[in-house]
Amino acid sequence: MDRIPRRDGRWRACSWLLLGELLLFAAGGALVLSPWWLAHVVGSPLAWLLLALPVLSWVVYGVAVLRACAVALPAPAVQGVLLSEGEAPALFAELKRLQAACDAPAFDEVYIDGRLNAAIYQTGRSRHVLIVGLPLLALLSPAQCAAVLVHEYAHISRSHGRLARWVYRARLRWQALESLHERNHRLVTAPLRLFLAWYVPRMLCETLAFSRRCEQVADALAVAVCGSRMACEAEVALALREQALDGRFWPELFGRAGKDDIEAVRPFERLLSGDADARPCDSAEATVWVHELLCHKTSPDDTHPAFAERVAATGVDPLRDLPALPWRHPDRSAAEAWLGDAAAGIAEWLDHRWQQNAQSDWAAATARHLEKAAFYRDLLQREQSQVFDASDWCRLASLAREFEEDPSIQDDFVRRGLEIDPEHPRLLAMQGDRLAERGDLVGAIALWTSIAEGPWRSRHQVHRRLSELHLRAGDHARAEQERIAADALWQDADVGPSDAPQPHGLDAAEIGLLCRQLAPVFVHARALWLCRQASADNDEQTPWILFVQAFDAPLLRAVGALTGEKDRQRSACERLLLKLVPRLHLPLEVRMLGPRDAPGDYCNPASRIALVAAST
């Protein structure tokens, strides 16, 4: 185990946490004791009478600061099945083997929950709890899961859980203080607000860096115990399953809303059976997914290192050194090997719990499905009496794929759209995908190559698609060329003039509905603009962009610069939008514009909604 780092830099994180706690307790104590020390400074009764009210407010503020400092951690809530050794003897035997290999404390409790993850938490001096997701056990092999569990043993052996709880308590404390200062903008609070404005970002930066170092230490133990190749394989398998679940399995599952009742949907039972939507389609798709994952870089806001960094730490190149990418489901999953007959009962319990918790999301998905179905029927009726352009046929073709069982209907809509605009990228992409589905890789590659030369917004995705098609066709040299092109575009952020948002293009009735829904924001906003992502590859499901510029006063801006106080109007807009946006009938991405931010050319009369700047 010589490769395991001996230091994780916890002293730096602990120093920052201690600095904040000591200064806050000192500030709170000084405010509470202010009558005592003022009594030694001010001897005149008249002066005391004049200072009585301010001093009382200092005491009240000091008590509030101390109460925020003494915030209590909520009890850990584990929504899973508590396992006993008698229910899963194979799992507990494997845990004992890994515990001995890691020279770590034993877990006091083991839970199975519904996440594709494993986690630990530590309370008190000696209580260690392990939480393992059933999807993790169902989709990975025993050897791959063992590498994940060794990672968790590293966390408890280094007491990372206790330090994580300290960090969590500190973040709750800063949230409580922020809430306190939102209600208290007096001058007496300015010094502490200035300190928090300086301290909190630096403390968060240091604790996030510490969290990433903890993950690196845990990954190093997995390499030492399980071997470099297996540690790398576990990282890749987990990343591929996560990509498949987020991008395919759960969207396809919720795509059944409006067609099936939620009682008939059993996601965890499907995962146990090795559902095809929970993995890449083939090795070509898995390779392209890994290529893209390797392009992601670690952000200062991340709690975990990026995939590329974690794989590099194993010393194994997954595309060169592994015999094959672990894209297939294992012949025997860890759930079969370790849970045995208990797996089915756990899946049933998790399915029932999921059905209870997902009722509102399922209802919302059903409502969206019905709205799209009504929109599709409306388009079909309008097609009989109106002249459609290529974008209209594109919308029809996209919806036909969801609502028609016969794929030839979509093909007909695509053909009719291309008759109007033979270079429409989205229609060409649909035609290319249909050719690939029918096995005509040569035709699909030709179409996607023509798309790569057109005004497609995310051109790196086009080259990823071409790389995947060339891999399926067996042309590895061309696939590598497309990968290099995609990586270069990714690094350059693939930004061009065609990325500028465009006016919304909605009719007056829909804008009126949106304005009524956003009416509470108009009290605090100078102007709002609604735009749509300008990309030839987008369809009707692409999120809209709402640009919001709050009212601003020079005096308040100057006071805020002195005290570190956040602008009230902007804060009010953000709080209202946080509540209103999930209820809107359009999927919106909100972007706040500062008082000195010059709105882009896309924020023009054609994209502006309501005359909110004229009244206040």
# chains A, B, ... in the order shown; residues from 1 in each chain; ligands from 1
>>> select_by_dssp(residues="stretch 41-273 of chain A", states="alpha helix (DSSP H)", output="ChimeraX atom specification")
/A:41,45-69,89-102,134-139,142-157,160-182,190-226,228-244,250-254,267-272
>>> residues_around(residues="A:Ser211", least_positions_apart="2", cutoff="8 Å", atoms="only C-alpha atoms", output="JSON, numbers by chain")
{"A": [164, 207, 208, 209, 213, 214, 215, 303, 304]}
>>> select_by_dssp(residues="stretch 311-533 of chain A", states="strand (DSSP E)", output="list in words")
Gln502, Pro503, Ala525, Arg526, Ala527, Leu528, Trp529, Leu530, Cys531 and Arg532 of chain A
>>> residues_around(residues="A:Phe403", least_positions_apart="5", cutoff="12 Å", atoms="only C-alpha atoms", output="number ranges by chain")
A: 255-256, 258-259, 369-370, 372-377, 396-398, 409-410
>>> write_last_selection(atoms="N, CA, C and O atoms", output="short mmCIF file (atom, residue, chain, number, x, y, z; two decimals), in the first residue's frame")
data_model
loop_
_atom_site.label_atom_id
_atom_site.label_comp_id
_atom_site.auth_asym_id
_atom_site.auth_seq_id
_atom_site.Cartn_x
_atom_site.Cartn_y
_atom_site.Cartn_z
N GLY A 255 -40.93 8.25 -20.11
CA GLY A 255 -41.62 8.34 -21.39
C GLY A 255 -42.86 7.47 -21.44
O GLY A 255 -43.71 7.64 -22.32
N ARG A 256 -42.98 6.52 -20.50
CA ARG A 256 -44.17 5.68 -20.42
C ARG A 256 -45.32 6.39 -19.73
O ARG A 256 -46.44 5.89 -19.70
N GLY A 258 -48.40 8.57 -19.19
CA GLY A 258 -49.46 8.81 -20.15
C GLY A 258 -49.89 7.55 -20.88
O GLY A 258 -50.96 7.51 -21.49
N LYS A 259 -49.03 6.51 -20.82
CA LYS A 259 -49.35 5.23 -21.45
C LYS A 259 -49.57 4.15 -20.39
O LYS A 259 -50.43 3.28 -20.57
N HIS A 369 -46.91 14.68 -21.50
CA HIS A 369 -47.20 13.75 -22.59
C HIS A 369 -48.53 14.10 -23.26
O HIS A 369 -48.62 14.11 -24.50
N LEU A 370 -49.54 14.40 -22.46
CA LEU A 370 -50.85 14.74 -23.02
C LEU A 370 -50.79 16.05 -23.78
O LEU A 370 -51.43 16.20 -24.84
N LYS A 372 -48.12 17.26 -25.33
CA LYS A 372 -47.42 16.99 -26.59
C LYS A 372 -48.30 16.24 -27.57
O LYS A 372 -48.27 16.50 -28.77
N ALA A 373 -49.11 15.31 -27.05
CA ALA A 373 -50.03 14.58 -27.92
C ALA A 373 -51.05 15.53 -28.54
O ALA A 373 -51.36 15.42 -29.74
N ALA A 374 -51.57 16.47 -27.72
CA ALA A 374 -52.52 17.44 -28.26
C ALA A 374 -51.85 18.34 -29.29
O ALA A 374 -52.44 18.67 -30.34
N PHE A 375 -50.60 18.73 -29.03
CA PHE A 375 -49.86 19.57 -29.98
C PHE A 375 -49.62 18.81 -31.29
O PHE A 375 -49.72 19.38 -32.38
N TYR A 376 -49.32 17.53 -31.17
CA TYR A 376 -49.10 16.70 -32.37
C TYR A 376 -50.38 16.61 -33.20
O TYR A 376 -50.35 16.77 -34.43
N ARG A 377 -51.51 16.38 -32.53
CA ARG A 377 -52.78 16.31 -33.26
C ARG A 377 -53.10 17.65 -33.92
O ARG A 377 -53.60 17.70 -35.05
N LEU A 396 -43.04 17.81 -36.65
CA LEU A 396 -43.94 16.68 -36.89
C LEU A 396 -43.17 15.36 -36.85
O LEU A 396 -43.62 14.37 -36.26
N ALA A 397 -42.02 15.33 -37.52
CA ALA A 397 -41.24 14.09 -37.56
C ALA A 397 -40.75 13.70 -36.17
O ALA A 397 -40.75 12.51 -35.81
N SER A 398 -40.33 14.69 -35.38
CA SER A 398 -39.85 14.40 -34.03
C SER A 398 -40.96 13.83 -33.16
O SER A 398 -40.76 12.87 -32.40
N ILE A 409 -44.05 6.69 -41.10
CA ILE A 409 -44.72 7.98 -40.99
C ILE A 409 -43.69 9.07 -40.72
O ILE A 409 -43.71 10.14 -41.34
N GLN A 410 -42.77 8.81 -39.79
CA GLN A 410 -41.70 9.77 -39.55
C GLN A 410 -40.86 9.96 -40.80
O GLN A 410 -40.49 11.09 -41.15
#
>>> residues_around(residues="A:Ile156", least_positions_apart="3", cutoff="12 Å", atoms="only C-alpha atoms", output="compact mmCIF listing (two decimals) with N, CA and C atoms, in the first residue's frame")
# COMPACT_ATOMS: atom_id res chain seq x y z
N GLN A 99 -12.61 -5.73 4.54
CA GLN A 99 -12.20 -5.02 5.76
C GLN A 99 -10.80 -5.46 6.20
N CYS A 102 -8.17 -4.06 3.90
CA CYS A 102 -7.97 -2.61 4.04
C CYS A 102 -7.51 -2.21 5.43
N ASP A 103 -7.56 -3.16 6.38
CA ASP A 103 -7.22 -2.87 7.77
C ASP A 103 -8.05 -1.68 8.27
N ALA A 104 -9.37 -1.81 8.08
CA ALA A 104 -10.30 -0.72 8.41
C ALA A 104 -11.31 -1.20 9.43
N PRO A 105 -12.00 -0.28 10.11
CA PRO A 105 -13.06 -0.68 11.04
C PRO A 105 -14.22 -1.33 10.29
N ALA A 106 -15.00 -2.12 11.01
CA ALA A 106 -16.16 -2.79 10.41
C ALA A 106 -17.33 -1.82 10.34
N PHE A 107 -18.24 -2.11 9.43
CA PHE A 107 -19.47 -1.34 9.35
C PHE A 107 -20.46 -1.88 10.38
N ASP A 108 -21.11 -0.97 11.09
CA ASP A 108 -22.09 -1.37 12.10
C ASP A 108 -23.45 -1.69 11.47
N ALA A 119 -21.96 4.79 -0.32
CA ALA A 119 -21.58 5.91 0.53
C ALA A 119 -21.48 5.43 1.97
N ILE A 120 -20.78 6.23 2.77
CA ILE A 120 -20.69 5.94 4.20
C ILE A 120 -21.01 7.19 4.98
N TYR A 121 -21.45 7.01 6.21
CA TYR A 121 -21.45 8.13 7.14
C TYR A 121 -21.02 7.62 8.49
N GLN A 122 -20.40 8.51 9.23
CA GLN A 122 -19.85 8.18 10.54
C GLN A 122 -20.44 9.11 11.58
N THR A 123 -20.93 8.54 12.67
CA THR A 123 -21.46 9.33 13.77
C THR A 123 -20.78 8.88 15.06
N ARG A 125 -18.03 8.23 17.85
CA ARG A 125 -16.63 7.81 17.75
C ARG A 125 -16.44 6.49 17.00
N SER A 126 -17.49 5.66 16.97
CA SER A 126 -17.25 4.32 16.44
C SER A 126 -18.41 3.74 15.64
N ARG A 127 -19.38 4.55 15.25
CA ARG A 127 -20.51 4.02 14.49
C ARG A 127 -20.31 4.33 13.02
N HIS A 128 -20.22 3.27 12.22
CA HIS A 128 -19.97 3.41 10.79
C HIS A 128 -21.11 2.73 10.03
N VAL A 129 -21.70 3.45 9.08
CA VAL A 129 -22.85 2.95 8.32
C VAL A 129 -22.48 2.95 6.84
N LEU A 130 -22.75 1.83 6.19
CA LEU A 130 -22.52 1.69 4.75
C LEU A 130 -23.87 1.68 4.03
N LEU A 149 -16.36 -0.74 -2.95
CA LEU A 149 -16.45 -0.89 -1.49
C LEU A 149 -15.13 -0.61 -0.80
N VAL A 150 -14.03 -0.99 -1.42
CA VAL A 150 -12.72 -0.65 -0.86
C VAL A 150 -12.56 0.86 -0.77
N HIS A 151 -13.05 1.56 -1.78
CA HIS A 151 -13.03 3.02 -1.76
C HIS A 151 -13.75 3.55 -0.51
N GLU A 152 -14.88 2.94 -0.15
CA GLU A 152 -15.63 3.38 1.04
C GLU A 152 -14.90 3.01 2.32
N TYR A 153 -14.25 1.86 2.34
CA TYR A 153 -13.46 1.49 3.53
C TYR A 153 -12.33 2.50 3.76
N SER A 159 -11.30 8.51 8.63
CA SER A 159 -12.26 9.39 9.31
C SER A 159 -12.75 10.52 8.41
N HIS A 160 -12.86 10.25 7.11
CA HIS A 160 -13.37 11.27 6.20
C HIS A 160 -14.82 11.61 6.50
N GLY A 161 -15.58 10.62 7.00
CA GLY A 161 -16.99 10.87 7.28
C GLY A 161 -17.18 11.91 8.37
N ARG A 162 -16.36 11.84 9.42
CA ARG A 162 -16.48 12.81 10.51
C ARG A 162 -16.11 14.22 10.03
N LEU A 163 -15.06 14.30 9.23
CA LEU A 163 -14.67 15.61 8.71
C LEU A 163 -15.74 16.14 7.76
N ALA A 164 -16.36 15.24 6.99
CA ALA A 164 -17.44 15.67 6.09
C ALA A 164 -18.61 16.24 6.89
N CYS A 214 -9.66 13.71 -0.51
CA CYS A 214 -10.16 12.50 0.16
C CYS A 214 -10.51 11.43 -0.87
N GLU A 215 -11.14 11.84 -1.96
CA GLU A 215 -11.49 10.88 -3.02
C GLU A 215 -10.24 10.29 -3.65
N VAL A 217 -7.35 9.80 -2.14
CA VAL A 217 -6.81 8.84 -1.18
C VAL A 217 -7.60 7.53 -1.25
N ALA A 218 -8.93 7.63 -1.30
CA ALA A 218 -9.76 6.43 -1.36
C ALA A 218 -9.53 5.67 -2.67
N LEU A 221 -6.36 3.59 -2.43
CA LEU A 221 -6.52 2.33 -1.69
C LEU A 221 -7.18 1.28 -2.57
>>> closest_residue(among="A:Ala446, A:Ala452, A:Ala276, A:Leu17", to="A:Arg202", atoms="only C-alpha atoms")
A:Leu17
>>> residues_around(residues="A:Trp529", least_positions_apart="2", cutoff="10 Å", atoms="only C-alpha atoms", output="ChimeraX atom specification")
/A:503-504,527,531,545-549,591,599,602-610
>>> write_last_selection(atoms="all heavy atoms", output="compact mmCIF listing (two decimals), in the first residue's frame")
# COMPACT_ATOMS: atom_id res chain seq x y z
N PRO A 503 -34.91 35.48 -30.92
CA PRO A 503 -36.21 35.84 -30.34
C PRO A 503 -37.11 34.62 -30.21
O PRO A 503 -36.99 33.66 -30.96
CB PRO A 503 -36.77 36.86 -31.34
CG PRO A 503 -35.56 37.44 -32.01
CD PRO A 503 -34.57 36.32 -32.09
N HIS A 504 -38.02 34.70 -29.23
CA HIS A 504 -38.83 33.53 -28.89
C HIS A 504 -39.74 33.08 -30.01
O HIS A 504 -39.95 31.88 -30.21
CB HIS A 504 -39.65 33.83 -27.64
CG HIS A 504 -40.44 35.10 -27.72
ND1 HIS A 504 -41.59 35.23 -28.46
CD2 HIS A 504 -40.22 36.31 -27.15
CE1 HIS A 504 -42.06 36.45 -28.34
NE2 HIS A 504 -41.25 37.14 -27.55
N ALA A 527 -36.50 44.62 -16.76
CA ALA A 527 -36.86 44.09 -18.08
C ALA A 527 -36.65 42.59 -18.10
O ALA A 527 -35.80 42.05 -17.37
CB ALA A 527 -36.02 44.76 -19.17
N CYS A 531 -35.77 34.24 -25.01
CA CYS A 531 -35.09 33.83 -26.24
C CYS A 531 -35.09 32.31 -26.31
O CYS A 531 -35.39 31.61 -25.35
CB CYS A 531 -33.65 34.34 -26.27
SG CYS A 531 -33.52 36.14 -26.22
N ILE A 545 -34.56 30.50 -22.87
CA ILE A 545 -33.70 31.28 -21.99
C ILE A 545 -34.45 32.55 -21.61
O ILE A 545 -34.90 33.29 -22.49
CB ILE A 545 -32.37 31.64 -22.67
CG1 ILE A 545 -31.70 30.39 -23.24
CG2 ILE A 545 -31.45 32.34 -21.70
CD1 ILE A 545 -30.48 30.71 -24.06
N LEU A 546 -34.58 32.79 -20.32
CA LEU A 546 -35.21 34.01 -19.82
C LEU A 546 -34.12 34.89 -19.23
O LEU A 546 -33.49 34.54 -18.23
CB LEU A 546 -36.26 33.67 -18.76
CG LEU A 546 -37.05 34.87 -18.20
CD1 LEU A 546 -37.97 35.44 -19.28
CD2 LEU A 546 -37.84 34.46 -16.97
N PHE A 547 -33.88 36.04 -19.86
CA PHE A 547 -32.92 37.01 -19.35
C PHE A 547 -33.68 38.01 -18.47
O PHE A 547 -34.69 38.58 -18.89
CB PHE A 547 -32.23 37.75 -20.51
CG PHE A 547 -31.37 36.87 -21.35
CD1 PHE A 547 -31.86 36.27 -22.49
CD2 PHE A 547 -30.05 36.64 -21.01
CE1 PHE A 547 -31.06 35.46 -23.28
CE2 PHE A 547 -29.23 35.83 -21.78
CZ PHE A 547 -29.75 35.24 -22.92
N VAL A 548 -33.19 38.22 -17.25
CA VAL A 548 -33.86 39.08 -16.29
C VAL A 548 -32.87 40.13 -15.79
O VAL A 548 -31.77 39.79 -15.36
CB VAL A 548 -34.40 38.25 -15.09
CG1 VAL A 548 -35.12 39.17 -14.11
CG2 VAL A 548 -35.32 37.15 -15.57
N GLN A 549 -33.31 41.39 -15.86
CA GLN A 549 -32.49 42.49 -15.33
C GLN A 549 -33.31 43.19 -14.25
O GLN A 549 -34.38 43.74 -14.52
CB GLN A 549 -32.11 43.48 -16.43
CG GLN A 549 -31.08 44.50 -15.98
CD GLN A 549 -30.53 45.30 -17.15
OE1 GLN A 549 -31.29 45.80 -17.97
NE2 GLN A 549 -29.21 45.41 -17.23
N ARG A 591 -31.25 33.46 -16.73
CA ARG A 591 -29.95 34.11 -16.66
C ARG A 591 -30.16 35.53 -16.17
O ARG A 591 -30.85 36.33 -16.82
CB ARG A 591 -29.25 34.12 -18.03
CG ARG A 591 -28.95 32.72 -18.56
CD ARG A 591 -28.18 32.77 -19.85
NE ARG A 591 -28.04 31.44 -20.46
CZ ARG A 591 -27.47 31.21 -21.64
NH1 ARG A 591 -26.96 32.23 -22.34
NH2 ARG A 591 -27.39 29.98 -22.11
N PRO A 599 -27.12 44.15 -22.21
CA PRO A 599 -27.83 43.03 -22.84
C PRO A 599 -27.32 42.80 -24.25
O PRO A 599 -26.96 43.74 -24.97
CB PRO A 599 -29.30 43.49 -22.84
CG PRO A 599 -29.37 44.56 -21.79
CD PRO A 599 -28.03 45.23 -21.80
N TYR A 602 -29.46 39.93 -28.82
CA TYR A 602 -30.66 39.10 -28.82
C TYR A 602 -31.71 39.64 -27.85
O TYR A 602 -32.86 39.25 -27.90
CB TYR A 602 -30.29 37.65 -28.44
CG TYR A 602 -29.26 37.54 -27.36
CD1 TYR A 602 -29.60 37.66 -26.01
CD2 TYR A 602 -27.91 37.36 -27.67
CE1 TYR A 602 -28.64 37.60 -25.02
CE2 TYR A 602 -26.94 37.30 -26.68
CZ TYR A 602 -27.31 37.41 -25.36
OH TYR A 602 -26.36 37.35 -24.36
N CYS A 603 -31.32 40.52 -26.90
CA CYS A 603 -32.29 41.16 -26.01
C CYS A 603 -32.80 42.42 -26.71
O CYS A 603 -32.31 43.52 -26.51
CB CYS A 603 -31.65 41.50 -24.67
SG CYS A 603 -31.20 40.04 -23.70
N ASN A 604 -33.77 42.24 -27.57
CA ASN A 604 -34.30 43.31 -28.40
C ASN A 604 -35.82 43.33 -28.29
O ASN A 604 -36.42 42.47 -27.62
CB ASN A 604 -33.84 43.12 -29.85
CG ASN A 604 -34.14 41.72 -30.37
OD1 ASN A 604 -35.26 41.21 -30.18
ND2 ASN A 604 -33.17 41.08 -31.00
N PRO A 605 -36.49 44.30 -28.92
CA PRO A 605 -37.95 44.35 -28.81
C PRO A 605 -38.65 43.06 -29.24
O PRO A 605 -39.72 42.74 -28.72
CB PRO A 605 -38.32 45.52 -29.74
CG PRO A 605 -37.12 46.41 -29.70
CD PRO A 605 -35.94 45.48 -29.60
N ALA A 606 -38.05 42.33 -30.16
CA ALA A 606 -38.69 41.09 -30.61
C ALA A 606 -38.66 39.99 -29.56
O ALA A 606 -39.49 39.08 -29.58
CB ALA A 606 -38.02 40.60 -31.90
N SER A 607 -37.69 40.06 -28.63
CA SER A 607 -37.59 39.02 -27.61
C SER A 607 -38.06 39.49 -26.24
O SER A 607 -38.15 38.71 -25.31
CB SER A 607 -36.13 38.54 -27.49
OG SER A 607 -35.29 39.61 -27.10
N ARG A 608 -38.39 40.79 -26.12
CA ARG A 608 -38.81 41.31 -24.83
C ARG A 608 -40.25 40.90 -24.54
O ARG A 608 -41.10 40.92 -25.43
CB ARG A 608 -38.69 42.82 -24.82
CG ARG A 608 -39.00 43.43 -23.47
CD ARG A 608 -38.64 44.89 -23.46
NE ARG A 608 -38.96 45.49 -22.17
CZ ARG A 608 -38.61 46.71 -21.82
NH1 ARG A 608 -37.89 47.43 -22.65
NH2 ARG A 608 -38.94 47.19 -20.64
N ILE A 609 -40.54 40.52 -23.30
CA ILE A 609 -41.90 40.16 -22.91
C ILE A 609 -42.38 41.16 -21.88
O ILE A 609 -41.73 41.38 -20.85
CB ILE A 609 -41.99 38.71 -22.38
CG1 ILE A 609 -41.12 38.52 -21.14
CG2 ILE A 609 -41.59 37.71 -23.44
CD1 ILE A 609 -41.34 37.20 -20.44
N ALA A 610 -43.49 41.81 -22.13
CA ALA A 610 -44.13 42.78 -21.24
C ALA A 610 -43.28 44.05 -21.08
O ALA A 610 -42.05 44.02 -21.22
CB ALA A 610 -44.42 42.19 -19.87
>>> residues_around(residues="A:Pro201", least_positions_apart="2", cutoff="12 Å", atoms="only C-alpha atoms", output="PDB file with N, CA and C atoms, in the first residue's frame")
ATOM      1  N   TRP A  16      -9.161  26.388   8.292  1.00  0.00           N
ATOM      2  CA  TRP A  16     -10.164  27.340   7.809  1.00  0.00           C
ATOM      3  C   TRP A  16     -11.470  27.201   8.583  1.00  0.00           C
ATOM      4  N   GLY A  20     -13.117  30.261  11.115  1.00  0.00           N
ATOM      5  CA  GLY A  20     -14.471  30.800  11.041  1.00  0.00           C
ATOM      6  C   GLY A  20     -15.226  30.638  12.340  1.00  0.00           C
ATOM      7  N   ARG A 171     -21.357  24.549   6.632  1.00  0.00           N
ATOM      8  CA  ARG A 171     -22.181  25.101   5.551  1.00  0.00           C
ATOM      9  C   ARG A 171     -23.579  25.441   6.043  1.00  0.00           C
ATOM     10  N   TRP A 174     -23.273  28.811   7.775  1.00  0.00           N
ATOM     11  CA  TRP A 174     -23.218  29.981   6.883  1.00  0.00           C
ATOM     12  C   TRP A 174     -24.578  30.243   6.254  1.00  0.00           C
ATOM     13  N   LEU A 194     -19.147  41.726   5.881  1.00  0.00           N
ATOM     14  CA  LEU A 194     -17.917  41.875   5.100  1.00  0.00           C
ATOM     15  C   LEU A 194     -16.980  40.690   5.317  1.00  0.00           C
ATOM     16  N   PHE A 195     -16.861  40.246   6.587  1.00  0.00           N
ATOM     17  CA  PHE A 195     -16.018  39.094   6.874  1.00  0.00           C
ATOM     18  C   PHE A 195     -16.540  37.838   6.178  1.00  0.00           C
ATOM     19  N   LEU A 196     -17.846  37.620   6.234  1.00  0.00           N
ATOM     20  CA  LEU A 196     -18.420  36.437   5.598  1.00  0.00           C
ATOM     21  C   LEU A 196     -18.242  36.486   4.084  1.00  0.00           C
ATOM     22  N   ALA A 197     -18.388  37.683   3.492  1.00  0.00           N
ATOM     23  CA  ALA A 197     -18.191  37.814   2.045  1.00  0.00           C
ATOM     24  C   ALA A 197     -16.767  37.451   1.650  1.00  0.00           C
ATOM     25  N   TRP A 198     -15.806  37.721   2.536  1.00  0.00           N
ATOM     26  CA  TRP A 198     -14.413  37.351   2.255  1.00  0.00           C
ATOM     27  C   TRP A 198     -14.146  35.899   2.603  1.00  0.00           C
ATOM     28  N   TYR A 199     -14.674  35.435   3.726  1.00  0.00           N
ATOM     29  CA  TYR A 199     -14.287  34.136   4.282  1.00  0.00           C
ATOM     30  C   TYR A 199     -14.993  32.954   3.612  1.00  0.00           C
ATOM     31  N   MET A 203     -13.343  29.503   2.322  1.00  0.00           N
ATOM     32  CA  MET A 203     -13.548  28.280   3.097  1.00  0.00           C
ATOM     33  C   MET A 203     -14.149  27.174   2.218  1.00  0.00           C
ATOM     34  N   LEU A 204     -15.131  27.534   1.400  1.00  0.00           N
ATOM     35  CA  LEU A 204     -15.740  26.543   0.520  1.00  0.00           C
ATOM     36  C   LEU A 204     -14.731  26.001  -0.482  1.00  0.00           C
ATOM     37  N   CYS A 205     -13.918  26.872  -1.021  1.00  0.00           N
ATOM     38  CA  CYS A 205     -12.893  26.440  -1.982  1.00  0.00           C
ATOM     39  C   CYS A 205     -11.943  25.443  -1.333  1.00  0.00           C
ATOM     40  N   GLU A 206     -11.521  25.731  -0.090  1.00  0.00           N
ATOM     41  CA  GLU A 206     -10.569  24.853   0.581  1.00  0.00           C
ATOM     42  C   GLU A 206     -11.211  23.524   0.969  1.00  0.00           C
ATOM     43  N   THR A 207     -12.457  23.552   1.453  1.00  0.00           N
ATOM     44  CA  THR A 207     -13.111  22.298   1.849  1.00  0.00           C
ATOM     45  C   THR A 207     -13.460  21.443   0.640  1.00  0.00           C
ATOM     46  N   LEU A 208     -13.804  22.076  -0.476  1.00  0.00           N
ATOM     47  CA  LEU A 208     -14.055  21.296  -1.696  1.00  0.00           C
ATOM     48  C   LEU A 208     -12.767  20.645  -2.191  1.00  0.00           C
ATOM     49  N   PRO A 300     -13.397  23.707  -9.822  1.00  0.00           N
ATOM     50  CA  PRO A 300     -13.170  24.043  -8.399  1.00  0.00           C
ATOM     51  C   PRO A 300     -14.404  23.812  -7.530  1.00  0.00           C
ATOM     52  N   ASP A 301     -15.593  23.733  -8.139  1.00  0.00           N
ATOM     53  CA  ASP A 301     -16.823  23.503  -7.377  1.00  0.00           C
ATOM     54  C   ASP A 301     -17.154  22.026  -7.220  1.00  0.00           C
TER      55      ASP A 301
END
